[in-house]
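Worksheet for the structure shown next.
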Amino acid sequence: MLQEITVTAQRLELLGTAATASEGLVDDRELQSAPQYRPGQLLETVPGLIVTLHSGEGKANQYLMRGYNLDHGTDLETYVDGMPVNQPTHAHGQGYTDLNFMVPELADQLTYTKGPYYANVGDFGAVGSVRVSYRDTIEDQVSATVGTLGFQRVFSAGSQPLGDGNILAAVEVQHYDGPFVTPDDARKENFVLRYSRGDDRNGYSVSAMLYHQLWTNTTDIPIRAIIEGLVPNRFGTLNPTDGGRAWRSSLSFNDHATIGEGQFTASAFCVDNQLHMWNDFTQFLVDPVHGDQEEQFENRRAFGGQAAYTLTLPLGSIPNVISAGALTRDDLLYVGRLPSEDRVPLRVADAPPSFSNEDQVYLFAGAAWVQATTRWTSNFRSVLGFRADYQHGTDIDYLAGLHEQSGPGYTGYSNSGTVRQVLPQPKGSLIYTPLDTLELYLSAGRGFHSADIRGVNQDTSVDLGLPHTPLLAKQEGQEIGVRTTPRPNLALTFAYYNLWQQSETIIDPDVGQDTAGPPSRRYGYEINVTYQINRYLELYGSYSGDHTHFTRPFDDGTGHLGEYITDAPLATGALALYLTNLGPWSGGLSYRYLGNYPLSSGPCVNSAVQHDFPGSATCAHSPTAAALGQVDGKGFGEWNLDARYAFSQGWSASVGIYNLFNTHADAAEFWYVDRLPGEPAAGVADVHQHPLEPLMARFTIAKRFGP
């Protein structure tokens, strides 16, 4: 009987409060029930978001949503425990978002938005934003996990009263090899210490976190290397010395209090990030003697904070709520990219000048915003906001003398310089509620993502159809949405969106970094359903169909020219069944779907061949001759299962089975030029693939202490 159902899925409870059909909340029960074999996949509880990777476990994941390959985090603003995770002007990718420090058991809520319609969402958030909050207390526990492919993990956590609050501690130690011929040998440690005090209205928390990881990575390899037997199979590597090490330490503070008639929130953070990665993407294209391995490195210190105040302020008899906030952030970093061989540094003078960067960077970001939620009638309300962001950056290029020279291999541009920009951003939604079970949304707004200051200072956008490379690239969007709960245990949402970008962020596989690209446009739709079948069983599904293109033809560097945005998925989707407290049983079964995507920007064009491969006059006689037409990548569908059984006296056991039907597919594919031994100096354009992990299983035994 429906009257007997206790609904706990907060996805069902957003009527009357949401500003669009594309925002939501995932509660603790769903987060802990969702199958996940790496921390970042916790974010796949966000509708339409796919989380994968293209090389070692220690790197940030690849994120894909709404027709975007968000690379390692560009255009997906991410916060964990009040701390921004995205890293601007990063050694490996703009907005780099490494979630390996996140401990899934500590996450108790996830909120998300999509589109540039929210005044409190800033840099990297115009496509989507995710905020993960940590719990204040946790039941004392210890668990041990062993699995196939060399997986081992030990986790322990607990909390105790201390003074007027609670102290929480957690430790995670993990090892994973993966299916690769050269094992990842990823060794990770996480430590969390947290003190909290208060309740939902008044309280604060202070958290200290430490993360460290070492790994070897098998990056994407060209298909011809497998065909020619240079690697034994698709799990092989062309450079077994690729890998990395990462360190992250942080201290964060979160506060919330009732002040006067309103609610005040504030947070502050300081983060120390250190990263070294060795990657060899193009083999012998740049250096035919030593190979093209590069060391990407950075040492970053970031600190800042934000505050907001929400107050009920009626307009006469019209209910109205005003929210206002401000934030600031400073990043100080030493960042670069230098040639290496087997992780041993090579002389910069022996490599082409464009292969090396070494910079000291100072970044400042500040913003202020205001938003009014007004209920004009009982069935019509508006959410109107305005945000202004200011960013300032200075780059000191230690290799400026090298970069400024002209001639083959020289850029002619230094990274040095100072740049600043202010960007105003109006935002708004109109919401009409014709029925208690139905809401209609109309939204529009402007957002942005920042660009790597090194590229902004070089200002090499002459071929992009832009007057200059913008520091803050505008993104403008519109959306029509519907949210309905035709039954108390059923929620449906539909959104049709349009999003224009002043400068698309382009993944440059040749160097493993992002660069500013030409303008782009996306439009599509998204459907989501949540069905609380009964008190212990919930069904959830989502599907997004997307159309993407540049607004002008783009040369992707392989002799191909067109308007396709490479690696932008045509569709994403998910289906999940959550089981909670059916006697001693609980668990989750999930299906994740990534549709096909273009790998080249279009077909081969003679003019592009002549530009990309000087000396080649036609497509038929060029390094791209094996693929003259459009090149496309294939997506995948994958089933994952987690099942848990609770014994008496706090003991429990669980099993996780991932890639349940052993789907043979690629987690990521790219199309670019590299050179294998014995090949022509210009290299060969080819599809590069990183395989999806095969069928794997993990078994966990856990003990909880307490009453």
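Every chain in the structure tokens has a letter given in the order shown (A, B, ...), and although residue numbers restart at 1 in each chain, ligands are simply numbered from 1 in the order shown.
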
message = Please list as a ChimeraX atom specification every residue within 12 Å of Gly517 (chain A), counting only C-alpha atoms and excluding residues in the same chain fewer than 2 positions away.
response = /A:451-452,455-456,459-466,468-470,473,501-508,514-515,519-520,550-556,563,565-566

ask   = Residues of region 283-446 of chain A in helix (DSSP H, G or I) according to DSSP, as a ChimeraX atom specification?
value = /A:348-350,353-355,400-403

query = When distances are computed from only C-alpha atoms, which of A:Thr572, A:Thr241, A:Thr145, A:Gln421 shows the smallest separation from Asn596 (chain A)?
reply = A:Thr572

task = Find, counting only C-alpha atoms, the residue in A:Leu346, A:Ala60, A:Ala702, A:Leu692 that gets nearest to Pro179 (chain A).
result = A:Leu692

query = Pick the closest to Met65 (chain A) from A:His276, A:Arg704, A:Arg131, A:Arg522: which is it, counting only C-alpha atoms?
reply = A:Arg522

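In this model, the gap between CA of Ala119 (chain A) and CA of Asn202 (chain A) comes to 23.9 Å.
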
query = Within 8 Å of Tyr134 (chain A), counting only C-alpha atoms, which residues qualify if same-chain residues fewer than 6 places away don't, as a list in words?
reply =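 The residues satisfying every condition are Val80, Asp81, Leu106, Ala107, Asp108 and Gln109 of chain A.
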
task = Find the spatial neighbours of Asp674 (chain A), counting only C-alpha atoms, within a cut-off of 8 Å - ignore same-chain residues fewer than 6 positions away - and output them as JSON, numbers by chain.
result = {"A": [281, 282, 283, 284, 285, 510, 683, 684, 685, 686]}

Residues of region 392-498 of chain A that have any atom at most 10 Å from an atom of region 9-29 of chain A: could you tabulate them with the shortest-distance atom pair and the distance in Å to one decimal, using only C-alpha atoms, ordered by chain and increasing number, as a Markdown table?
| residue | atom | partner | partner_atom | distance |
| --- | --- | --- | --- | --- |
| A:Gly428 | CA | A:Ala19 | CA | 8.7 |
| A:Ser429 | CA | A:Ala19 | CA | 6.3 |
| A:Leu430 | CA | A:Ala19 | CA | 7.9 |
| A:Ile431 | CA | A:Ala19 | CA | 7.2 |
| A:Tyr432 | CA | A:Gly16 | CA | 9.7 |
| A:Thr433 | CA | A:Gly16 | CA | 8.0 |
| A:Asp436 | CA | A:Leu15 | CA | 8.2 |
| A:Thr437 | CA | A:Leu15 | CA | 7.5 |
| A:Leu438 | CA | A:Leu15 | CA | 7.6 |
| A:Glu439 | CA | A:Leu15 | CA | 7.0 |
| A:Leu440 | CA | A:Ala21 | CA | 8.2 |
| A:Tyr441 | CA | A:Thr20 | CA | 5.7 |
| A:Leu442 | CA | A:Thr20 | CA | 7.5 |
| A:Ser443 | CA | A:Thr20 | CA | 7.0 |
| A:Glu479 | CA | A:Thr20 | CA | 8.3 |
| A:Ile480 | CA | A:Ala21 | CA | 8.1 |
| A:Gly481 | CA | A:Ala21 | CA | 5.1 |
| A:Val482 | CA | A:Ala21 | CA | 5.9 |
| A:Arg483 | CA | A:Ala21 | CA | 5.8 |
| A:Thr484 | CA | A:Leu15 | CA | 7.6 |
| A:Thr485 | CA | A:Leu12 | CA | 7.4 |
| A:Pro488 | CA | A:Leu12 | CA | 8.1 |
| A:Asn489 | CA | A:Leu12 | CA | 7.3 |
| A:Leu490 | CA | A:Leu12 | CA | 7.0 |
| A:Ala491 | CA | A:Leu12 | CA | 5.4 |
| A:Leu492 | CA | A:Leu12 | CA | 8.6 |
| A:Thr493 | CA | A:Ala21 | CA | 6.0 |
| A:Phe494 | CA | A:Ala21 | CA | 6.6 |
| A:Ala495 | CA | A:Ala21 | CA | 6.1 |
| A:Tyr496 | CA | A:Ala21 | CA | 9.4 |
| A:Tyr497 | CA | A:Ser22 | CA | 9.6 |

task = With a distance cut-off of 7 Å and only C-alpha atoms, select the neighbouring residues of region 269-272 of chain A, excluding the residue or stretch itself and same-chain residues fewer than 4 positions from it, and output the selection as a PyMOL selection string.
result = chain A and resi 83+248-253+300-305

task = May I have the residues within 12 Å of Glu30 (chain A) as a ChimeraX atom specification, using only C-alpha atoms and disregarding those fewer than 5 positions away in the same chain?
result = /A:8-11,25,35-36,42-46,104-105,107-110,530,532,536-540,576-580,586-590

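Taking only C-alpha atoms into account, Gly291 (chain A) lies nearest to A:Asn279 out of the set A:Thr265, A:Thr258, A:Asn279, A:Ser414.
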
note = One decimal place gives the CA of Leu628 (chain A)-CA of Phe613 (chain A) separation as 14.6 Å

task = To one decimal in Å, tell me the separation between CA of Ala144 (chain A) and CA of Lys703 (chain A).
result =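 One can read the CA of Ala144 (chain A) to CA of Lys703 (chain A) distance as 9.3 Å.
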
ask   = Mind checking DSSP for region 176-420 of chain A and telling me the strand (DSSP E) residues as a VMD selection string?
value = chain A and resid 176 186 to 198 203 to 216 221 to 222 243 to 259 262 to 279 294 to 312 320 to 341 344 to 345 357 to 377 380 to 397 417 to 420

task = Counting only C-alpha atoms, figure out which residue out of A:Pro623, A:Pro677, A:Gly158, A:Gly573 gets nearest to Gly637 (chain A).
result =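 Using only C-alpha atoms, Gly637 (chain A) sits closest to A:Gly573.
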
task = Find, counting only C-alpha atoms, the residue in A:Ser133, A:Asn100, A:Ser267, A:Thr377 that gets nearest to His212 (chain A).
result =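 Nearest to His212 (chain A): A:Asn100.
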
request  = Might you pull out every residue within 10 Å of Leu311 (chain A), with only C-alpha atoms counted and same-chain residues fewer than 4 positions away left off, and present them as a PyMOL selection string?
outcome  = chain A and resi 259-264+320-324+372

Output all heavy atoms for every residue in the selection just made, as a tab-separated table (two decimals), in the first residue's frame.
chain	number	residue	atom	x	y	z
A	259	ILE	N	21.85	34.39	12.66
A	259	ILE	CA	22.21	35.75	13.06
A	259	ILE	C	21.03	36.66	12.74
A	259	ILE	O	20.64	36.80	11.57
A	259	ILE	CB	23.47	36.23	12.32
A	259	ILE	CG1	24.66	35.33	12.67
A	259	ILE	CG2	23.78	37.69	12.67
A	259	ILE	CD1	25.94	35.73	11.97
A	260	GLY	N	20.47	37.25	13.77
A	260	GLY	CA	19.28	38.06	13.58
A	260	GLY	C	18.14	37.19	13.04
A	260	GLY	O	17.86	36.11	13.57
A	261	GLU	N	17.53	37.63	11.97
A	261	GLU	CA	16.43	36.90	11.37
A	261	GLU	C	16.89	36.00	10.22
A	261	GLU	O	16.07	35.35	9.57
A	261	GLU	CB	15.37	37.87	10.84
A	261	GLU	CG	14.75	38.75	11.90
A	261	GLU	CD	13.97	37.93	12.93
A	261	GLU	OE1	13.30	36.96	12.51
A	261	GLU	OE2	14.05	38.25	14.12
A	262	GLY	N	18.20	35.96	9.98
A	262	GLY	CA	18.70	35.21	8.85
A	262	GLY	C	19.68	34.12	9.22
A	262	GLY	O	20.02	33.92	10.39
A	263	GLN	N	20.14	33.41	8.19
A	263	GLN	CA	21.08	32.31	8.37
A	263	GLN	C	22.40	32.65	7.69
A	263	GLN	O	22.44	33.05	6.52
A	263	GLN	CB	20.51	31.02	7.77
A	263	GLN	CG	21.33	29.78	8.05
A	263	GLN	CD	21.28	29.34	9.51
A	263	GLN	OE1	20.33	29.68	10.23
A	263	GLN	NE2	22.29	28.61	9.95
A	264	PHE	N	23.48	32.51	8.46
A	264	PHE	CA	24.82	32.83	7.98
A	264	PHE	C	25.62	31.54	7.79
A	264	PHE	O	25.57	30.63	8.62
A	264	PHE	CB	25.52	33.72	9.00
A	264	PHE	CG	26.97	34.00	8.68
A	264	PHE	CD1	27.32	34.93	7.73
A	264	PHE	CD2	27.98	33.33	9.37
A	264	PHE	CE1	28.65	35.20	7.44
A	264	PHE	CE2	29.32	33.59	9.09
A	264	PHE	CZ	29.66	34.52	8.12
A	320	ASN	N	9.52	37.04	0.13
A	320	ASN	CA	10.76	37.23	-0.63
A	320	ASN	C	11.94	36.86	0.27
A	320	ASN	O	11.98	37.22	1.45
A	320	ASN	CB	10.89	38.69	-1.09
A	320	ASN	CG	12.13	38.93	-1.92
A	320	ASN	OD1	12.31	38.31	-2.96
A	320	ASN	ND2	12.98	39.83	-1.44
A	321	VAL	N	12.89	36.13	-0.30
A	321	VAL	CA	14.10	35.73	0.43
A	321	VAL	C	15.31	36.24	-0.35
A	321	VAL	O	15.44	35.99	-1.55
A	321	VAL	CB	14.18	34.20	0.61
A	321	VAL	CG1	15.48	33.81	1.28
A	321	VAL	CG2	12.99	33.69	1.41
A	322	ILE	N	16.19	36.95	0.35
A	322	ILE	CA	17.40	37.48	-0.25
A	322	ILE	C	18.61	36.69	0.25
A	322	ILE	O	18.75	36.47	1.46
A	322	ILE	CB	17.59	38.97	0.08
A	322	ILE	CG1	16.48	39.82	-0.53
A	322	ILE	CG2	18.96	39.46	-0.40
A	322	ILE	CD1	16.56	39.92	-2.03
A	323	SER	N	19.45	36.26	-0.68
A	323	SER	CA	20.72	35.63	-0.32
A	323	SER	C	21.84	36.42	-0.97
A	323	SER	O	21.72	36.86	-2.12
A	323	SER	CB	20.77	34.18	-0.80
A	323	SER	OG	19.78	33.39	-0.19
A	324	ALA	N	22.91	36.62	-0.24
A	324	ALA	CA	24.06	37.34	-0.77
A	324	ALA	C	25.33	36.69	-0.26
A	324	ALA	O	25.36	36.13	0.85
A	324	ALA	CB	24.02	38.82	-0.37
A	372	ALA	N	17.54	36.73	-5.30
A	372	ALA	CA	16.24	36.94	-4.66
A	372	ALA	C	15.27	35.86	-5.12
A	372	ALA	O	15.10	35.64	-6.32
A	372	ALA	CB	15.70	38.32	-5.03
